[in-house]
Amino acid sequence: MSDELKLTILRKLDSEGLIENTTATFKDVSVETILGALKSLESQEKIAYDTLTTEVWTIEAEGKDQLENGSYEAQVFEAVPPGNEGISIEALKAKFGAKANLGQGKGFKNKWIKKSGSNIVRLVDSITDQTKADLETVHQTGTHPSKDVIKDLKRRSLIKQNKILSYAVRKGANFSTELKRQATDLTLEMLQSGAWKSAEFKKFNFDSLGINPSGGHLHPLMKVREEFREVFFETGFEEMPTNNFVDSSFWNFDALFVPQQHPARDLQDTFFLKEPAVANSLPDFWPVVRDVHEKGGYGSIGYRYPWSEAESKKLVLRTHTTSISTYMLHKLAQQPYRPAKYFSIDRVYRNEAVDAKHLAEFHQVEGVIADKNMSLGSLIDFLDIFFKKMGISDLRFKPTYNPYTEPSMEIFSWHEGLREWVEIGNSGMFRPEMLRPLGLAEDVRVAGFGLSLERPTMIKYGIDNIRALVGHKVDLGMIEANPACRLDKKMGKEVFQGRV
Ligand code: PHE
């Protein structure tokens with residue numbers, strides 16, 4: 001925006017006190033340019049202005065001809081020679097075309113001319129062309145003092161009314177003829193130099209629409225996670241803290257009654273930490289865990305192998321969030337009995353070959369329910385309700401093996417597209433060999449289940465390669481553009497698969 005116009009406005013206000021009508025004052029400047037300058041000056045409170053709508057009459061095409069060449073009646077009059085002979089109507093038509101009729105009609109009315117046989121003759125020697133004079137007045141002033149004239153010219157389609165925006169400008173609270181560059185920010189330099197004291201700050205424009213934020217879009221995994229969280233909260237679960245990605249083998253395996261020779265504890269399956277490689281100490285009750293592995297108890301004969309404390313201290317990237325469930329169950333057991341429902345949704349790590357369906361890290365959705373009346377039947381009941389809330393209604397259960405649950409069940413759901421039963425999760429009743437050393441009483445039953453977060457997300461968003469969802473190849477445009485997730489209820493048959 002040119003400062004020149006702004007300065008001109010300010011100087012004019014300074015010398016004249018106000019500008020009554022900007023269009024009249026700045027004839028060659030467009031209304032848009034003037035408004036821009038006024039808004040800028042107003043934001044600095046240098047001026048204030050009111051908008052005026054002026055109604056202006058302008059000359060139409062037919063009017064222009066008559067303004068330049070005289071009214072049609074005058075043109076016709078001039079074409080009629082003086083004397084009794086006059087001019088033939090045909091000759092006038094040939095000369096003026098369509099204008100001839102209009103001009104004659106008005107000439108008859110004005111008593112300037114008359115018909116004589118097939119000719120037109122003059123009635124007067126000279127005329128005053130009032131129409132032309134009126135058009136001249138409208139052209140010069142945008143209006144005419146006589147309302148009747150305006151009405152007449154308008155009826156004859158010689159003039160048209162236009163609305164013109166204009167502004168009346170007066171001095172503002174901060175009026176001056178100087179234009180200072182306004183500061184948009186309070187800077188460190190301004191504070192240090194003291195320049196802030198005399199600086200003029202640009203005002204906030206709270207009416208501005210702003211620009212679309214380029215960030216702040218949720219990843220699809222986070223949206224589906226939210227869906228799961230809602231279902232958990234709805235069904236009375238508490239969220240477990242999952243911010244420890246590194247855990248001891250004790251919490252990840254031993255406390256879950258996973259024997260130290262189990263293939264899951266192999267380098268091939270689990271990421272072991274190099275630095276630091278081992279935990280400083282084990283929780284106090286570790287001998288109870290050792291004993292159940294070595295000798296059994298609570299009705300079990302145990303695994304009957306020499307349990308190693310060193311093996312148990314090895315640090316791993318947690319391979320499942322069941323390590324956290326175990327820790328939370330131990331904490332629960334230290335308090336007076338109460339039933340509990342815990343859930344978590346967070347990352348776990350497995351040393352797997354990465355392909356289109358598998359990553360070395362993924363999210364696990366996990367829930368545990370501890371209650372004296374908990375049974376396999378109530379777990380099945382609960383899973384039915386839980387998955388129905390996620391839009392999945394046909395469930396089947398298949399016996400399976402987990403070191404820490406007995407019985408254990410794989411959860412299957414009917415996939416309409418594939419027309420087959422697909423695995424969606426794993427579940428079971430935790431074994432006494434796990435629960436009793438944690439300190440839980442004999443009559444407290446604990447059920448648990450787990451599934452992956454990636455699988456339902458991929459199905460929901462139609463992603464068939466997991467690397468398009470997680471990792472450095474993820475297209476940020478996809479994240480920005482993807483819809484807010486609702487695991488729509490008709491997805492029921494569109495099943496997702498858990499990993500065990
Ligand atoms: N830990 C199991 C897994 O890794 C899930 C599970 C949790 C199974 C609780 C049974 C009970 O998939």
# chains A, B, ... in the order shown; residues from 1 in each chain; ligands from 1
>>> select_by_dssp(residues="range 407-496 of chain A", states="strand (DSSP E or B)", output="list in words")
Pro407, Ser408, Met409, Glu410, Ile411, Phe412, Ser413, Trp414, His415, Glu420, Trp421, Val422, Glu423, Ile424, Gly425, Asn426, Ser427, Gly428, Met429, Phe430, Arg445, Val446, Ala447, Gly448, Phe449, Gly450, Leu451 and Ser452 of chain A
>>> residues_around(residues="Ile19 in chain A", least_positions_apart="3", cutoff="8 Å", atoms="only C-alpha atoms", output="list of chain:residue names")
A:Lys12, A:Leu13, A:Glu16, A:Thr22, A:Thr25, A:Ala168, A:Val169, A:Arg170
>>> write_last_selection(atoms="C-alpha atoms", output="compact mmCIF listing (two decimals), in the first residue's frame")
# COMPACT_ATOMS: atom_id res chain seq x y z
CA LYS A 12 -5.29 17.17 3.87
CA LEU A 13 -6.89 16.44 7.24
CA GLU A 16 -8.63 21.20 6.24
CA THR A 22 -13.07 11.06 -0.77
CA THR A 25 -11.24 14.81 -3.35
CA ALA A 168 -16.02 11.06 4.99
CA VAL A 169 -12.76 11.19 6.91
CA ARG A 170 -11.91 12.91 10.19
>>> residues_around(residues="Asn101 in chain A", least_positions_apart="2", cutoff="12 Å", atoms="only C-alpha atoms", output="list in words")
Tyr72, Glu73, Gln75, Val76, Ile89, Glu90, Leu92, Lys93, Ala94, Lys95, Phe96, Gly97, Ala98, Lys99, Gly103, Gln104, Gly105, Lys106, Gly107, Phe108 and Ile120 of chain A
>>> closest_atom_pairs(of="chain A", to="ligand 1", cutoff="7 Å", atoms="only C-alpha atoms and all ligand atoms", output="CSV")
residue,atom,partner,partner_atom_place_in_ligand_line,distance
A:His320,CA,ligand 1,4 (O),4.9
A:Thr321,CA,ligand 1,1 (N),6.7
A:Thr322,CA,ligand 1,1 (N),5.1
A:Glu366,CA,ligand 1,7 (C),6.1
A:Gly367,CA,ligand 1,9 (C),6.9
A:Val368,CA,ligand 1,9 (C),6.7
A:Thr405,CA,ligand 1,10 (C),6.2
A:Ser408,CA,ligand 1,10 (C),6.9
A:Asn426,CA,ligand 1,8 (C),4.8
A:Ser427,CA,ligand 1,10 (C),3.8
A:Gly428,CA,ligand 1,10 (C),4.9
A:Met429,CA,ligand 1,11 (C),6.9
A:Phe430,CA,ligand 1,11 (C),6.8
A:Ala447,CA,ligand 1,11 (C),6.7
A:Gly448,CA,ligand 1,11 (C),3.8
A:Phe449,CA,ligand 1,9 (C),4.0
A:Gly450,CA,ligand 1,5 (C),3.9
A:Leu451,CA,ligand 1,12 (O),6.0
A:Arg499,CA,ligand 1,12 (O),5.5
A:Val500,CA,ligand 1,12 (O),3.4
>>> residues_around(residues="range 376-389 of chain A", least_positions_apart="3", cutoff="10 Å", atoms="only C-alpha atoms", output="JSON, numbers by chain")
{"A": [227, 228, 230, 231, 232, 234, 235, 368, 369, 373, 392, 393, 394, 395, 396, 397, 406, 407, 408, 409, 411, 413, 424, 427, 428, 429, 445, 446, 447, 448, 449, 487, 488, 489, 492]}
>>> write_last_selection(atoms="N, CA and C atoms", output="mmCIF file, in the first residue's frame")
data_model
loop_
_atom_site.group_PDB
_atom_site.id
_atom_site.type_symbol
_atom_site.label_atom_id
_atom_site.label_comp_id
_atom_site.auth_asym_id
_atom_site.auth_seq_id
_atom_site.Cartn_x
_atom_site.Cartn_y
_atom_site.Cartn_z
ATOM 1 N N GLU A 227 -10.765 -44.413 19.593
ATOM 2 C CA GLU A 227 -11.991 -45.228 19.547
ATOM 3 C C GLU A 227 -11.922 -46.326 20.604
ATOM 4 N N PHE A 228 -10.778 -47.006 20.647
ATOM 5 C CA PHE A 228 -10.613 -48.081 21.631
ATOM 6 C C PHE A 228 -10.687 -47.527 23.051
ATOM 7 N N GLU A 230 -12.233 -44.977 24.140
ATOM 8 C CA GLU A 230 -13.623 -44.662 24.481
ATOM 9 C C GLU A 230 -14.369 -45.897 24.934
ATOM 10 N N VAL A 231 -14.182 -46.995 24.179
ATOM 11 C CA VAL A 231 -14.886 -48.233 24.527
ATOM 12 C C VAL A 231 -14.406 -48.727 25.902
ATOM 13 N N PHE A 232 -13.113 -48.642 26.147
ATOM 14 C CA PHE A 232 -12.593 -49.060 27.454
ATOM 15 C C PHE A 232 -13.184 -48.205 28.581
ATOM 16 N N GLU A 234 -15.907 -46.481 28.538
ATOM 17 C CA GLU A 234 -17.341 -46.762 28.636
ATOM 18 C C GLU A 234 -17.615 -48.006 29.457
ATOM 19 N N THR A 235 -16.691 -48.974 29.390
ATOM 20 C CA THR A 235 -16.929 -50.234 30.087
ATOM 21 C C THR A 235 -16.190 -50.285 31.424
ATOM 22 N N VAL A 368 -7.104 -56.131 31.125
ATOM 23 C CA VAL A 368 -7.174 -57.195 32.139
ATOM 24 C C VAL A 368 -8.311 -56.884 33.112
ATOM 25 N N ILE A 369 -8.947 -57.942 33.566
ATOM 26 C CA ILE A 369 -10.068 -57.792 34.502
ATOM 27 C C ILE A 369 -9.814 -58.712 35.694
ATOM 28 N N ASN A 373 -15.305 -63.090 40.967
ATOM 29 C CA ASN A 373 -16.276 -63.899 40.230
ATOM 30 C C ASN A 373 -15.918 -64.098 38.766
ATOM 31 N N ILE A 392 -18.030 -55.213 15.737
ATOM 32 C CA ILE A 392 -17.769 -56.605 15.346
ATOM 33 C C ILE A 392 -18.664 -57.528 16.169
ATOM 34 N N SER A 393 -19.541 -58.284 15.477
ATOM 35 C CA SER A 393 -20.527 -59.008 16.275
ATOM 36 C C SER A 393 -20.383 -60.537 16.309
ATOM 37 N N ASP A 394 -19.852 -61.143 15.270
ATOM 38 C CA ASP A 394 -19.749 -62.616 15.313
ATOM 39 C C ASP A 394 -18.382 -63.039 15.824
ATOM 40 N N LEU A 395 -18.333 -63.554 17.037
ATOM 41 C CA LEU A 395 -17.043 -63.983 17.582
ATOM 42 C C LEU A 395 -17.027 -65.495 17.767
ATOM 43 N N ARG A 396 -15.853 -66.072 17.578
ATOM 44 C CA ARG A 396 -15.657 -67.478 17.924
ATOM 45 C C ARG A 396 -14.345 -67.593 18.663
ATOM 46 N N PHE A 397 -14.229 -68.599 19.498
ATOM 47 C CA PHE A 397 -13.032 -68.755 20.311
ATOM 48 C C PHE A 397 -12.410 -70.115 20.056
ATOM 49 N N GLU A 406 -4.355 -69.980 31.202
ATOM 50 C CA GLU A 406 -4.935 -71.318 31.039
ATOM 51 C C GLU A 406 -6.347 -71.272 31.611
ATOM 52 N N PRO A 407 -7.388 -71.504 30.857
ATOM 53 C CA PRO A 407 -7.299 -71.731 29.401
ATOM 54 C C PRO A 407 -6.970 -70.440 28.638
ATOM 55 N N SER A 408 -6.496 -70.648 27.396
ATOM 56 C CA SER A 408 -6.192 -69.523 26.506
ATOM 57 C C SER A 408 -7.066 -69.650 25.266
ATOM 58 N N MET A 409 -7.477 -68.501 24.744
ATOM 59 C CA MET A 409 -8.367 -68.538 23.576
ATOM 60 C C MET A 409 -7.919 -67.522 22.536
ATOM 61 N N ILE A 411 -9.180 -65.263 19.552
ATOM 62 C CA ILE A 411 -10.498 -64.698 19.240
ATOM 63 C C ILE A 411 -10.617 -64.590 17.719
ATOM 64 N N SER A 413 -13.168 -63.753 14.244
ATOM 65 C CA SER A 413 -14.385 -63.076 13.802
ATOM 66 C C SER A 413 -14.629 -63.404 12.335
ATOM 67 N N ILE A 424 -8.541 -62.216 15.478
ATOM 68 C CA ILE A 424 -8.477 -60.785 15.794
ATOM 69 C C ILE A 424 -7.803 -60.510 17.136
ATOM 70 N N SER A 427 -6.438 -64.206 24.143
ATOM 71 C CA SER A 427 -6.989 -63.954 25.472
ATOM 72 C C SER A 427 -6.827 -65.171 26.374
ATOM 73 N N GLY A 428 -7.229 -65.016 27.619
ATOM 74 C CA GLY A 428 -7.173 -66.169 28.519
ATOM 75 C C GLY A 428 -7.341 -65.780 29.970
ATOM 76 N N MET A 429 -7.357 -66.825 30.833
ATOM 77 C CA MET A 429 -7.398 -66.621 32.279
ATOM 78 C C MET A 429 -5.971 -66.804 32.801
ATOM 79 N N ARG A 445 -9.640 -64.073 40.484
ATOM 80 C CA ARG A 445 -9.418 -64.540 39.105
ATOM 81 C C ARG A 445 -9.105 -63.329 38.223
ATOM 82 N N VAL A 446 -8.172 -63.516 37.282
ATOM 83 C CA VAL A 446 -7.838 -62.416 36.375
ATOM 84 C C VAL A 446 -7.886 -62.903 34.927
ATOM 85 N N ALA A 447 -8.670 -62.208 34.115
ATOM 86 C CA ALA A 447 -8.742 -62.515 32.683
ATOM 87 C C ALA A 447 -8.018 -61.417 31.920
ATOM 88 N N GLY A 448 -7.493 -61.776 30.734
ATOM 89 C CA GLY A 448 -6.805 -60.755 29.930
ATOM 90 C C GLY A 448 -6.999 -61.004 28.448
ATOM 91 N N PHE A 449 -6.806 -59.955 27.663
ATOM 92 C CA PHE A 449 -6.859 -60.116 26.204
ATOM 93 C C PHE A 449 -6.017 -59.037 25.534
ATOM 94 N N LEU A 487 -14.942 -45.960 13.769
ATOM 95 C CA LEU A 487 -14.975 -47.368 13.361
ATOM 96 C C LEU A 487 -16.439 -47.648 13.134
ATOM 97 N N ASP A 488 -16.893 -47.380 11.895
ATOM 98 C CA ASP A 488 -18.327 -47.407 11.670
ATOM 99 C C ASP A 488 -18.893 -48.792 11.956
ATOM 100 N N LYS A 489 -20.101 -48.755 12.463
ATOM 101 C CA LYS A 489 -20.642 -49.976 13.042
ATOM 102 C C LYS A 489 -20.908 -51.046 11.997
ATOM 103 N N GLY A 492 -18.538 -54.155 11.133
ATOM 104 C CA GLY A 492 -18.639 -55.411 11.846
ATOM 105 C C GLY A 492 -17.946 -56.592 11.221
#
>>> residues_around(residues="range 284-287 of chain A", least_positions_apart="5", cutoff="10 Å", atoms="only C-alpha atoms", output="list in words")
Phe250, Asp254, Ala255, Val292, His293, Trp307, Glu309, Ser312, His330, Pro437, Leu438 and Gly439 of chain A
>>> closest_residue(among="A:Ser323, A:Ser452, A:Gln334, A:Thr51", to="Ser248 in chain A", atoms="only C-alpha atoms")
A:Ser323
>>> residues_around(residues="range 176-189 of chain A", least_positions_apart="3", cutoff="9 Å", atoms="only C-alpha atoms", output="ChimeraX atom specification")
/A:3,6-11,13-14,44,46,171-172,192-196,199-204
>>> select_by_dssp(residues="range 187-238 of chain A", states="helix (DSSP H, G or I)", output="list in words")
Leu188, Glu189, Met190, Leu191, Gln192, Ser193, Ala195, Trp196, Lys197, Pro220, Leu221, Met222, Lys223, Val224, Arg225, Glu226, Glu227, Phe228, Arg229, Glu230, Val231, Phe232, Phe233 and Glu234 of chain A
>>> write_last_selection(atoms="N, CA and C atoms", output="mmCIF file, in the first residue's frame")
data_model
loop_
_atom_site.group_PDB
_atom_site.id
_atom_site.type_symbol
_atom_site.label_atom_id
_atom_site.label_comp_id
_atom_site.auth_asym_id
_atom_site.auth_seq_id
_atom_site.Cartn_x
_atom_site.Cartn_y
_atom_site.Cartn_z
ATOM 1 N N LEU A 188 13.386 -8.771 21.723
ATOM 2 C CA LEU A 188 14.439 -8.681 22.734
ATOM 3 C C LEU A 188 15.218 -7.375 22.577
ATOM 4 N N GLU A 189 15.509 -7.037 21.284
ATOM 5 C CA GLU A 189 16.258 -5.814 20.999
ATOM 6 C C GLU A 189 15.508 -4.583 21.515
ATOM 7 N N MET A 190 14.189 -4.565 21.295
ATOM 8 C CA MET A 190 13.399 -3.415 21.745
ATOM 9 C C MET A 190 13.449 -3.288 23.257
ATOM 10 N N LEU A 191 13.453 -4.422 23.943
ATOM 11 C CA LEU A 191 13.507 -4.397 25.406
ATOM 12 C C LEU A 191 14.852 -3.888 25.878
ATOM 13 N N GLN A 192 15.918 -4.391 25.199
ATOM 14 C CA GLN A 192 17.262 -4.012 25.615
ATOM 15 C C GLN A 192 17.541 -2.536 25.355
ATOM 16 N N SER A 193 17.110 -2.026 24.184
ATOM 17 C CA SER A 193 17.439 -0.649 23.826
ATOM 18 C C SER A 193 16.440 0.356 24.412
ATOM 19 N N ALA A 195 13.620 0.830 23.116
ATOM 20 C CA ALA A 195 12.826 1.331 21.989
ATOM 21 C C ALA A 195 11.337 1.045 22.163
ATOM 22 N N TRP A 196 11.018 0.064 22.994
ATOM 23 C CA TRP A 196 9.606 -0.287 23.203
ATOM 24 C C TRP A 196 8.792 0.874 23.758
ATOM 25 N N LYS A 197 9.500 1.792 24.468
ATOM 26 C CA LYS A 197 8.771 2.891 25.109
ATOM 27 C C LYS A 197 8.113 3.803 24.084
ATOM 28 N N PRO A 220 -3.749 -41.599 11.817
ATOM 29 C CA PRO A 220 -4.854 -42.566 11.874
ATOM 30 C C PRO A 220 -4.754 -43.509 13.073
ATOM 31 N N LEU A 221 -3.529 -43.932 13.406
ATOM 32 C CA LEU A 221 -3.382 -44.840 14.559
ATOM 33 C C LEU A 221 -3.901 -44.190 15.837
ATOM 34 N N MET A 222 -3.649 -42.892 15.959
ATOM 35 C CA MET A 222 -4.085 -42.189 17.167
ATOM 36 C C MET A 222 -5.606 -42.039 17.191
ATOM 37 N N LYS A 223 -6.201 -41.936 15.994
ATOM 38 C CA LYS A 223 -7.661 -41.812 15.941
ATOM 39 C C LYS A 223 -8.325 -43.130 16.334
ATOM 40 N N VAL A 224 -7.777 -44.236 15.814
ATOM 41 C CA VAL A 224 -8.373 -45.529 16.154
ATOM 42 C C VAL A 224 -8.108 -45.832 17.633
ATOM 43 N N ARG A 225 -6.933 -45.413 18.098
ATOM 44 C CA ARG A 225 -6.626 -45.602 19.517
ATOM 45 C C ARG A 225 -7.688 -44.922 20.377
ATOM 46 N N GLU A 226 -8.096 -43.735 19.937
ATOM 47 C CA GLU A 226 -9.113 -42.997 20.667
ATOM 48 C C GLU A 226 -10.436 -43.761 20.716
ATOM 49 N N GLU A 227 -10.765 -44.413 19.593
ATOM 50 C CA GLU A 227 -11.991 -45.228 19.547
ATOM 51 C C GLU A 227 -11.922 -46.326 20.604
ATOM 52 N N PHE A 228 -10.778 -47.006 20.647
ATOM 53 C CA PHE A 228 -10.613 -48.081 21.631
ATOM 54 C C PHE A 228 -10.687 -47.527 23.051
ATOM 55 N N ARG A 229 -10.015 -46.412 23.270
ATOM 56 C CA ARG A 229 -10.016 -45.831 24.621
ATOM 57 C C ARG A 229 -11.435 -45.535 25.075
ATOM 58 N N GLU A 230 -12.233 -44.977 24.140
ATOM 59 C CA GLU A 230 -13.623 -44.662 24.481
ATOM 60 C C GLU A 230 -14.369 -45.897 24.934
ATOM 61 N N VAL A 231 -14.182 -46.995 24.179
ATOM 62 C CA VAL A 231 -14.886 -48.233 24.527
ATOM 63 C C VAL A 231 -14.406 -48.727 25.902
ATOM 64 N N PHE A 232 -13.113 -48.642 26.147
ATOM 65 C CA PHE A 232 -12.593 -49.060 27.454
ATOM 66 C C PHE A 232 -13.184 -48.205 28.581
ATOM 67 N N PHE A 233 -13.174 -46.898 28.372
ATOM 68 C CA PHE A 233 -13.699 -46.027 29.430
ATOM 69 C C PHE A 233 -15.187 -46.280 29.662
ATOM 70 N N GLU A 234 -15.907 -46.481 28.538
ATOM 71 C CA GLU A 234 -17.341 -46.762 28.636
ATOM 72 C C GLU A 234 -17.615 -48.006 29.457
#
>>> closest_residue(among="A:Met240, A:Ala441, A:His219, A:Lys398", to="Trp421 in chain A", atoms="only C-alpha atoms")
A:Lys398
>>> atom_distance(atom1="CA of Thr23 in chain A", atom2="CA of Asp50 in chain A")
12.9 Å
>>> residues_around(residues="Leu332 in chain A", least_positions_apart="6", cutoff="9 Å", atoms="only C-alpha atoms", output="list in words")
Arg338, Ala340, Gly439 and Leu440 of chain A
>>> write_last_selection(atoms="N, CA and C atoms", output="PDB file, in the first residue's frame")
ATOM      1  N   ARG A 338      -9.810 -55.299  45.902  1.00  0.00           N
ATOM      2  CA  ARG A 338     -10.885 -54.624  45.169  1.00  0.00           C
ATOM      3  C   ARG A 338     -10.851 -55.164  43.738  1.00  0.00           C
ATOM      4  N   ALA A 340     -10.725 -54.942  39.728  1.00  0.00           N
ATOM      5  CA  ALA A 340     -10.087 -53.905  38.901  1.00  0.00           C
ATOM      6  C   ALA A 340     -10.186 -54.259  37.428  1.00  0.00           C
ATOM      7  N   GLY A 439       1.051 -61.858  44.593  1.00  0.00           N
ATOM      8  CA  GLY A 439       0.441 -61.508  45.871  1.00  0.00           C
ATOM      9  C   GLY A 439      -1.071 -61.544  45.852  1.00  0.00           C
ATOM     10  N   LEU A 440      -1.674 -61.980  44.748  1.00  0.00           N
ATOM     11  CA  LEU A 440      -3.133 -62.007  44.688  1.00  0.00           C
ATOM     12  C   LEU A 440      -3.658 -63.231  45.433  1.00  0.00           C
TER      13      LEU A 440
END
